[in-house]
file run_28.pdb (PDB, C-alpha atoms)
ATOM      1  CA  MET A   1     -52.728  65.287  92.014  1.00  0.00           C
ATOM      2  CA  GLN A   2     -50.484  67.315  89.689  1.00  0.00           C
ATOM      3  CA  GLN A   3     -52.546  66.202  86.694  1.00  0.00           C
ATOM      4  CA  LYS A   4     -55.703  67.443  88.397  1.00  0.00           C
ATOM      5  CA  ALA A   5     -54.031  70.806  89.082  1.00  0.00           C
ATOM      6  CA  ASN A   6     -52.945  71.027  85.442  1.00  0.00           C
ATOM      7  CA  ASP A   7     -56.506  70.235  84.322  1.00  0.00           C
ATOM      8  CA  ILE A   8     -57.898  73.016  86.520  1.00  0.00           C
ATOM      9  CA  ILE A   9     -55.359  75.516  85.168  1.00  0.00           C
ATOM     10  CA  LYS A  10     -56.142  74.476  81.590  1.00  0.00           C
ATOM     11  CA  THR A  11     -59.900  74.784  82.190  1.00  0.00           C
ATOM     12  CA  LEU A  12     -59.562  78.261  83.690  1.00  0.00           C
ATOM     13  CA  LYS A  13     -57.365  79.432  80.799  1.00  0.00           C
ATOM     14  CA  ASN A  14     -59.684  77.884  78.188  1.00  0.00           C
ATOM     15  CA  ARG A  15     -62.545  79.944  79.634  1.00  0.00           C
ATOM     16  CA  GLY A  16     -60.492  83.129  79.332  1.00  0.00           C
ATOM     17  CA  LEU A  17     -59.767  83.470  83.048  1.00  0.00           C
ATOM     18  CA  ARG A  18     -56.477  84.572  84.480  1.00  0.00           C
ATOM     19  CA  VAL A  19     -55.283  81.841  86.833  1.00  0.00           C
ATOM     20  CA  THR A  20     -54.942  83.299  90.319  1.00  0.00           C
ATOM     21  CA  PRO A  21     -54.342  81.310  93.504  1.00  0.00           C
ATOM     22  CA  GLN A  22     -57.790  82.360  94.714  1.00  0.00           C
ATOM     23  CA  ARG A  23     -59.659  81.250  91.577  1.00  0.00           C
ATOM     24  CA  PHE A  24     -57.672  78.040  91.497  1.00  0.00           C
ATOM     25  CA  GLY A  25     -58.377  77.357  95.176  1.00  0.00           C
ATOM     26  CA  VAL A  26     -62.102  78.112  94.993  1.00  0.00           C
ATOM     27  CA  TYR A  27     -62.608  76.052  91.818  1.00  0.00           C
ATOM     28  CA  ALA A  28     -60.544  73.120  93.132  1.00  0.00           C
ATOM     29  CA  ASN A  29     -62.535  73.218  96.370  1.00  0.00           C
ATOM     30  CA  LEU A  30     -65.865  73.104  94.526  1.00  0.00           C
ATOM     31  CA  LEU A  31     -64.743  70.315  92.201  1.00  0.00           C
ATOM     32  CA  ALA A  32     -63.811  68.177  95.204  1.00  0.00           C
ATOM     33  CA  ARG A  33     -67.204  68.348  96.892  1.00  0.00           C
ATOM     34  CA  GLU A  34     -70.863  67.580  96.259  1.00  0.00           C
ATOM     35  CA  ASP A  35     -72.479  69.443  99.146  1.00  0.00           C
ATOM     36  CA  HIS A  36     -73.170  72.813  97.498  1.00  0.00           C
ATOM     37  CA  PRO A  37     -71.256  74.995  99.983  1.00  0.00           C
ATOM     38  CA  THR A  38     -71.872  78.594 100.962  1.00  0.00           C
ATOM     39  CA  VAL A  39     -69.185  81.272 100.650  1.00  0.00           C
ATOM     40  CA  ASP A  40     -68.438  80.914 104.358  1.00  0.00           C
ATOM     41  CA  GLN A  41     -67.930  77.164 104.029  1.00  0.00           C
ATOM     42  CA  ILE A  42     -65.552  77.622 101.092  1.00  0.00           C
ATOM     43  CA  LEU A  43     -63.691  80.363 102.979  1.00  0.00           C
ATOM     44  CA  ARG A  44     -63.339  78.130 106.035  1.00  0.00           C
ATOM     45  CA  ASP A  45     -61.889  75.331 103.880  1.00  0.00           C
ATOM     46  CA  LEU A  46     -59.441  77.630 102.105  1.00  0.00           C
ATOM     47  CA  ASN A  47     -58.233  79.208 105.343  1.00  0.00           C
ATOM     48  CA  GLN A  48     -58.009  75.963 107.296  1.00  0.00           C
ATOM     49  CA  GLU A  49     -54.215  75.810 107.340  1.00  0.00           C
ATOM     50  CA  ALA A  50     -53.418  79.514 107.171  1.00  0.00           C
ATOM     51  CA  PRO A  51     -55.667  82.554 106.652  1.00  0.00           C
ATOM     52  CA  THR A  52     -54.992  83.611 103.066  1.00  0.00           C
ATOM     53  CA  SER A  53     -58.397  84.524 101.645  1.00  0.00           C
ATOM     54  CA  SER A  54     -61.116  86.981 102.579  1.00  0.00           C
ATOM     55  CA  GLN A  55     -64.843  86.702 102.013  1.00  0.00           C
ATOM     56  CA  ALA A  56     -64.612  89.412  99.320  1.00  0.00           C
ATOM     57  CA  THR A  57     -61.892  87.438  97.523  1.00  0.00           C
ATOM     58  CA  VAL A  58     -63.987  84.269  97.529  1.00  0.00           C
ATOM     59  CA  TYR A  59     -67.023  86.201  96.245  1.00  0.00           C
ATOM     60  CA  ALA A  60     -64.924  87.726  93.452  1.00  0.00           C
ATOM     61  CA  ALA A  61     -63.516  84.326  92.474  1.00  0.00           C
ATOM     62  CA  LEU A  62     -67.003  82.787  92.452  1.00  0.00           C
ATOM     63  CA  GLN A  63     -68.346  85.643  90.340  1.00  0.00           C
ATOM     64  CA  ALA A  64     -65.592  85.153  87.741  1.00  0.00           C
ATOM     65  CA  LEU A  65     -66.102  81.385  87.718  1.00  0.00           C
ATOM     66  CA  ARG A  66     -69.872  81.822  87.384  1.00  0.00           C
ATOM     67  CA  GLU A  67     -69.545  84.280  84.508  1.00  0.00           C
ATOM     68  CA  ALA A  68     -67.198  81.822  82.764  1.00  0.00           C
ATOM     69  CA  GLY A  69     -69.824  79.072  83.118  1.00  0.00           C
ATOM     70  CA  LEU A  70     -67.715  76.901  85.425  1.00  0.00           C
ATOM     71  CA  VAL A  71     -69.831  77.311  88.551  1.00  0.00           C
ATOM     72  CA  ARG A  72     -73.499  77.860  89.180  1.00  0.00           C
ATOM     73  CA  GLU A  73     -75.252  79.524  92.041  1.00  0.00           C
ATOM     74  CA  VAL A  74     -77.902  77.373  93.695  1.00  0.00           C
ATOM     75  CA  LEU A  75     -80.710  79.138  95.553  1.00  0.00           C
ATOM     76  CA  LEU A  76     -82.736  76.557  97.423  1.00  0.00           C
ATOM     77  CA  GLU A  77     -83.254  78.474 100.657  1.00  0.00           C
ATOM     78  CA  GLN A  78     -84.296  82.088 100.999  1.00  0.00           C
ATOM     79  CA  GLY A  79     -81.266  84.337 101.369  1.00  0.00           C
ATOM     80  CA  ILE A  80     -78.668  81.558 101.140  1.00  0.00           C
ATOM     81  CA  SER A  81     -76.486  81.231  98.051  1.00  0.00           C
ATOM     82  CA  ARG A  82     -74.740  77.926  97.541  1.00  0.00           C
ATOM     83  CA  TYR A  83     -72.329  77.029  94.765  1.00  0.00           C
ATOM     84  CA  ASP A  84     -71.917  74.005  92.551  1.00  0.00           C
ATOM     85  CA  ALA A  85     -69.181  73.108  90.055  1.00  0.00           C
ATOM     86  CA  ASN A  86     -71.552  70.638  88.395  1.00  0.00           C
ATOM     87  CA  VAL A  87     -72.950  72.872  85.673  1.00  0.00           C
ATOM     88  CA  ALA A  88     -74.549  70.034  83.704  1.00  0.00           C
ATOM     89  CA  PRO A  89     -78.346  70.017  83.916  1.00  0.00           C
ATOM     90  CA  HIS A  90     -79.525  68.315  87.100  1.00  0.00           C
ATOM     91  CA  HIS A  91     -82.120  68.647  89.840  1.00  0.00           C
ATOM     92  CA  HIS A  92     -81.725  68.888  93.626  1.00  0.00           C
ATOM     93  CA  PHE A  93     -82.956  67.218  96.797  1.00  0.00           C
ATOM     94  CA  ARG A  94     -82.909  69.349  99.960  1.00  0.00           C
ATOM     95  CA  CYS A  95     -83.316  67.819 103.405  1.00  0.00           C
ATOM     96  CA  ASN A  96     -85.743  69.842 105.518  1.00  0.00           C
ATOM     97  CA  CYS A  97     -84.117  68.510 108.674  1.00  0.00           C
ATOM     98  CA  CYS A  98     -80.350  69.036 108.242  1.00  0.00           C
ATOM     99  CA  GLY A  99     -80.333  71.228 105.115  1.00  0.00           C
ATOM    100  CA  ALA A 100     -78.155  68.847 103.099  1.00  0.00           C
ATOM    101  CA  ILE A 101     -78.394  69.236  99.344  1.00  0.00           C
ATOM    102  CA  GLU A 102     -77.893  66.400  96.917  1.00  0.00           C
ATOM    103  CA  ASP A 103     -77.857  66.294  93.128  1.00  0.00           C
ATOM    104  CA  ILE A 104     -80.571  64.351  91.331  1.00  0.00           C
ATOM    105  CA  ASN A 105     -79.856  63.050  87.839  1.00  0.00           C
ATOM    106  CA  TRP A 106     -81.561  65.081  85.109  1.00  0.00           C
ATOM    107  CA  ASN A 107     -83.259  61.974  83.661  1.00  0.00           C
ATOM    108  CA  THR A 108     -85.019  61.187  86.942  1.00  0.00           C
ATOM    109  CA  PHE A 109     -88.006  63.267  85.784  1.00  0.00           C
ATOM    110  CA  PRO A 110     -88.255  62.481  82.052  1.00  0.00           C
ATOM    111  CA  ASN A 111     -91.888  63.417  81.483  1.00  0.00           C
ATOM    112  CA  ILE A 112     -92.144  67.018  82.627  1.00  0.00           C
ATOM    113  CA  ASP A 113     -94.587  68.658  80.244  1.00  0.00           C
ATOM    114  CA  LEU A 114     -93.781  72.336  79.838  1.00  0.00           C
ATOM    115  CA  SER A 115     -96.368  72.705  77.095  1.00  0.00           C
ATOM    116  CA  GLN A 116     -99.025  73.194  79.794  1.00  0.00           C
ATOM    117  CA  LEU A 117     -97.564  76.556  80.846  1.00  0.00           C
ATOM    118  CA  ARG A 118     -99.643  79.559  79.927  1.00  0.00           C
ATOM    119  CA  GLN A 119     -99.188  80.889  76.421  1.00  0.00           C
ATOM    120  CA  GLY A 120     -96.578  83.605  76.082  1.00  0.00           C
ATOM    121  CA  LEU A 121     -94.054  82.131  78.503  1.00  0.00           C
ATOM    122  CA  LYS A 122     -90.725  81.178  76.975  1.00  0.00           C
ATOM    123  CA  VAL A 123     -88.852  78.646  79.123  1.00  0.00           C
ATOM    124  CA  GLU A 124     -85.100  79.069  79.021  1.00  0.00           C
ATOM    125  CA  ARG A 125     -84.128  76.747  81.845  1.00  0.00           C
ATOM    126  CA  TYR A 126     -85.766  74.821  84.648  1.00  0.00           C
ATOM    127  CA  GLU A 127     -84.876  72.471  87.459  1.00  0.00           C
ATOM    128  CA  VAL A 128     -86.869  70.520  90.004  1.00  0.00           C
ATOM    129  CA  THR A 129     -86.233  70.871  93.736  1.00  0.00           C
ATOM    130  CA  VAL A 130     -87.417  67.944  95.815  1.00  0.00           C
ATOM    131  CA  GLU A 131     -87.720  68.539  99.555  1.00  0.00           C
ATOM    132  CA  GLY A 132     -87.984  65.923 102.258  1.00  0.00           C
ATOM    133  CA  ILE A 133     -85.885  64.146 104.868  1.00  0.00           C
ATOM    134  CA  CYS A 134     -82.615  62.447 103.985  1.00  0.00           C
ATOM    135  CA  ASP A 135     -81.790  58.905 105.063  1.00  0.00           C
ATOM    136  CA  ALA A 136     -79.268  60.092 107.684  1.00  0.00           C
ATOM    137  CA  CYS A 137     -81.894  62.253 109.413  1.00  0.00           C
ATOM    138  CA  ARG A 138     -84.570  59.551 109.156  1.00  0.00           C
ATOM    139  CA  THR A 139     -82.425  57.153 111.172  1.00  0.00           C
ATOM    140  CA  HIS A 140     -82.170  59.732 114.001  1.00  0.00           C
ATOM    141  CA  ILE A 141     -85.853  60.601 114.194  1.00  0.00           C
TER     142      ILE A 141
END

call {"tool": "encode", "arguments": {"input": "run_28.pdb", "output": "structure tokens"}}
result
Amino acid sequence: MQQKANDIIKTLKNRGLRVTPQRFGVYANLLAREDHPTVDQILRDLNQEAPTSSQATVYAALQALREAGLVREVLLEQGISRYDANVAPHHHFRCNCCGAIEDINWNTFPNIDLSQLRQGLKVERYEVTVEGICDACRTHI
């Protein structure tokens, strides 16, 4: 556990960020999960034992982590920002029933042909969002 904490501190410093308890806590929380939480979910986790963080503090920590390239904002539902510490290229699956979000390996869709886009568009980044019903919800339907 101490090694993981040291790795987080080193990563934050290497990206030019001052290590604060809030940044450390938010980044550690995101690294430990795969569910793409909202700010409220992160805040709830951080304040589970004792209220120490505010929503504004979590937003500020996320903003700094995002600007440093350690976290990405995932917008898969209108008006809902979720956050992901997996900044490597990947796609997403979103369950239309429970709202769960799951990463899909980048190589799952190897033959996407961007050359068919209209002339003049310059693609800088893309990702595929697959929507459907997850296996957990299918068993309850």

call {"tool": "closest_atom_pairs", "arguments": {"input": "run_28.pdb", "of": "region 46-84 of chain A", "to": "region 29-34 of chain A", "cutoff": "10 Å", "atoms": "all atoms listed in the file", "output": "Markdown table"}}
result
| residue | atom | partner | partner_atom | distance |
| --- | --- | --- | --- | --- |
| A:Leu46 | CA | A:Asn29 | CA | 7.9 |
| A:Leu62 | CA | A:Leu30 | CA | 10.0 |
| A:Leu70 | CA | A:Leu31 | CA | 9.9 |
| A:Val71 | CA | A:Leu30 | CA | 8.3 |
| A:Tyr83 | CA | A:Leu30 | CA | 7.6 |
| A:Asp84 | CA | A:Leu30 | CA | 6.4 |

call {"tool": "atom_distance", "arguments": {"input": "run_28.pdb", "atom1": "CA of Val19 (chain A)", "atom2": "CA of Asp7 (chain A)"}}
result
11.9 Å

call {"tool": "resolve_selection", "arguments": {"input": "run_28.pdb", "expression": "the PyMOL selection byres ((chain A and resi 98) around 10)", "output": "ChimeraX atom specification"}}
result
/A:94-97,99-101,133-134,136-137

call {"tool": "closest_residue", "arguments": {"input": "run_28.pdb", "among": "A:Val123, A:Leu117, A:Val128, A:Val58", "to": "Val74 (chain A)", "atoms": "all atoms listed in the file"}}
result
A:Val128

call {"tool": "closest_residue", "arguments": {"input": "run_28.pdb", "among": "A:Arg23, A:Arg138, A:His91, A:Arg18", "to": "Arg125 (chain A)", "atoms": "all atoms listed in the file"}}
result
A:His91

call {"tool": "closest_residue", "arguments": {"input": "run_28.pdb", "among": "A:His90, A:Lys122, A:Gln22, A:Asp135", "to": "Pro110 (chain A)", "atoms": "all atoms listed in the file"}}
result
A:His90

call {"tool": "build_atoms", "arguments": {"input": "run_28.pdb", "residues": "region 58-78 of chain A", "atoms": "N, CA and C atoms", "output": "CSV table (one decimal), in the coordinates of the input"}}
result
chain,number,residue,atom,x,y,z
A,58,VAL,N,-63.2,85.5,97.9
A,58,VAL,CA,-64.0,84.3,97.5
A,58,VAL,C,-65.2,84.7,96.7
A,59,TYR,N,-65.9,85.7,97.1
A,59,TYR,CA,-67.0,86.2,96.2
A,59,TYR,C,-66.6,86.6,94.8
A,60,ALA,N,-65.4,87.3,94.8
A,60,ALA,CA,-64.9,87.7,93.5
A,60,ALA,C,-64.5,86.5,92.6
A,61,ALA,N,-63.9,85.5,93.2
A,61,ALA,CA,-63.5,84.3,92.5
A,61,ALA,C,-64.8,83.6,92.0
A,62,LEU,N,-65.8,83.5,92.8
A,62,LEU,CA,-67.0,82.8,92.5
A,62,LEU,C,-67.7,83.5,91.3
A,63,GLN,N,-67.7,84.8,91.4
A,63,GLN,CA,-68.3,85.6,90.3
A,63,GLN,C,-67.7,85.4,89.0
A,64,ALA,N,-66.3,85.4,89.0
A,64,ALA,CA,-65.6,85.2,87.7
A,64,ALA,C,-65.8,83.7,87.2
A,65,LEU,N,-65.8,82.8,88.1
A,65,LEU,CA,-66.1,81.4,87.7
A,65,LEU,C,-67.5,81.2,87.2
A,66,ARG,N,-68.5,81.9,87.8
A,66,ARG,CA,-69.9,81.8,87.4
A,66,ARG,C,-70.0,82.4,86.0
A,67,GLU,N,-69.4,83.6,85.8
A,67,GLU,CA,-69.5,84.3,84.5
A,67,GLU,C,-68.9,83.5,83.4
A,68,ALA,N,-67.9,82.7,83.7
A,68,ALA,CA,-67.2,81.8,82.8
A,68,ALA,C,-67.9,80.5,82.5
A,69,GLY,N,-69.0,80.3,83.3
A,69,GLY,CA,-69.8,79.1,83.1
A,69,GLY,C,-69.2,77.8,83.8
A,70,LEU,N,-68.3,78.0,84.7
A,70,LEU,CA,-67.7,76.9,85.4
A,70,LEU,C,-68.4,76.6,86.7
A,71,VAL,N,-69.2,77.5,87.3
A,71,VAL,CA,-69.8,77.3,88.6
A,71,VAL,C,-71.2,77.9,88.4
A,72,ARG,N,-72.2,77.3,89.1
A,72,ARG,CA,-73.5,77.9,89.2
A,72,ARG,C,-73.9,78.1,90.6
A,73,GLU,N,-74.7,79.2,90.7
A,73,GLU,CA,-75.3,79.5,92.0
A,73,GLU,C,-76.6,78.8,92.2
A,74,VAL,N,-76.7,78.2,93.4
A,74,VAL,CA,-77.9,77.4,93.7
A,74,VAL,C,-78.6,78.1,94.8
A,75,LEU,N,-79.9,78.4,94.6
A,75,LEU,CA,-80.7,79.1,95.6
A,75,LEU,C,-81.9,78.2,95.9
A,76,LEU,N,-81.7,77.5,97.0
A,76,LEU,CA,-82.7,76.6,97.4
A,76,LEU,C,-83.4,77.0,98.7
A,77,GLU,N,-82.7,78.0,99.4
A,77,GLU,CA,-83.3,78.5,100.7
A,77,GLU,C,-83.2,80.0,100.5
A,78,GLN,N,-84.2,80.6,101.1
A,78,GLN,CA,-84.3,82.1,101.0
A,78,GLN,C,-83.1,82.7,101.6
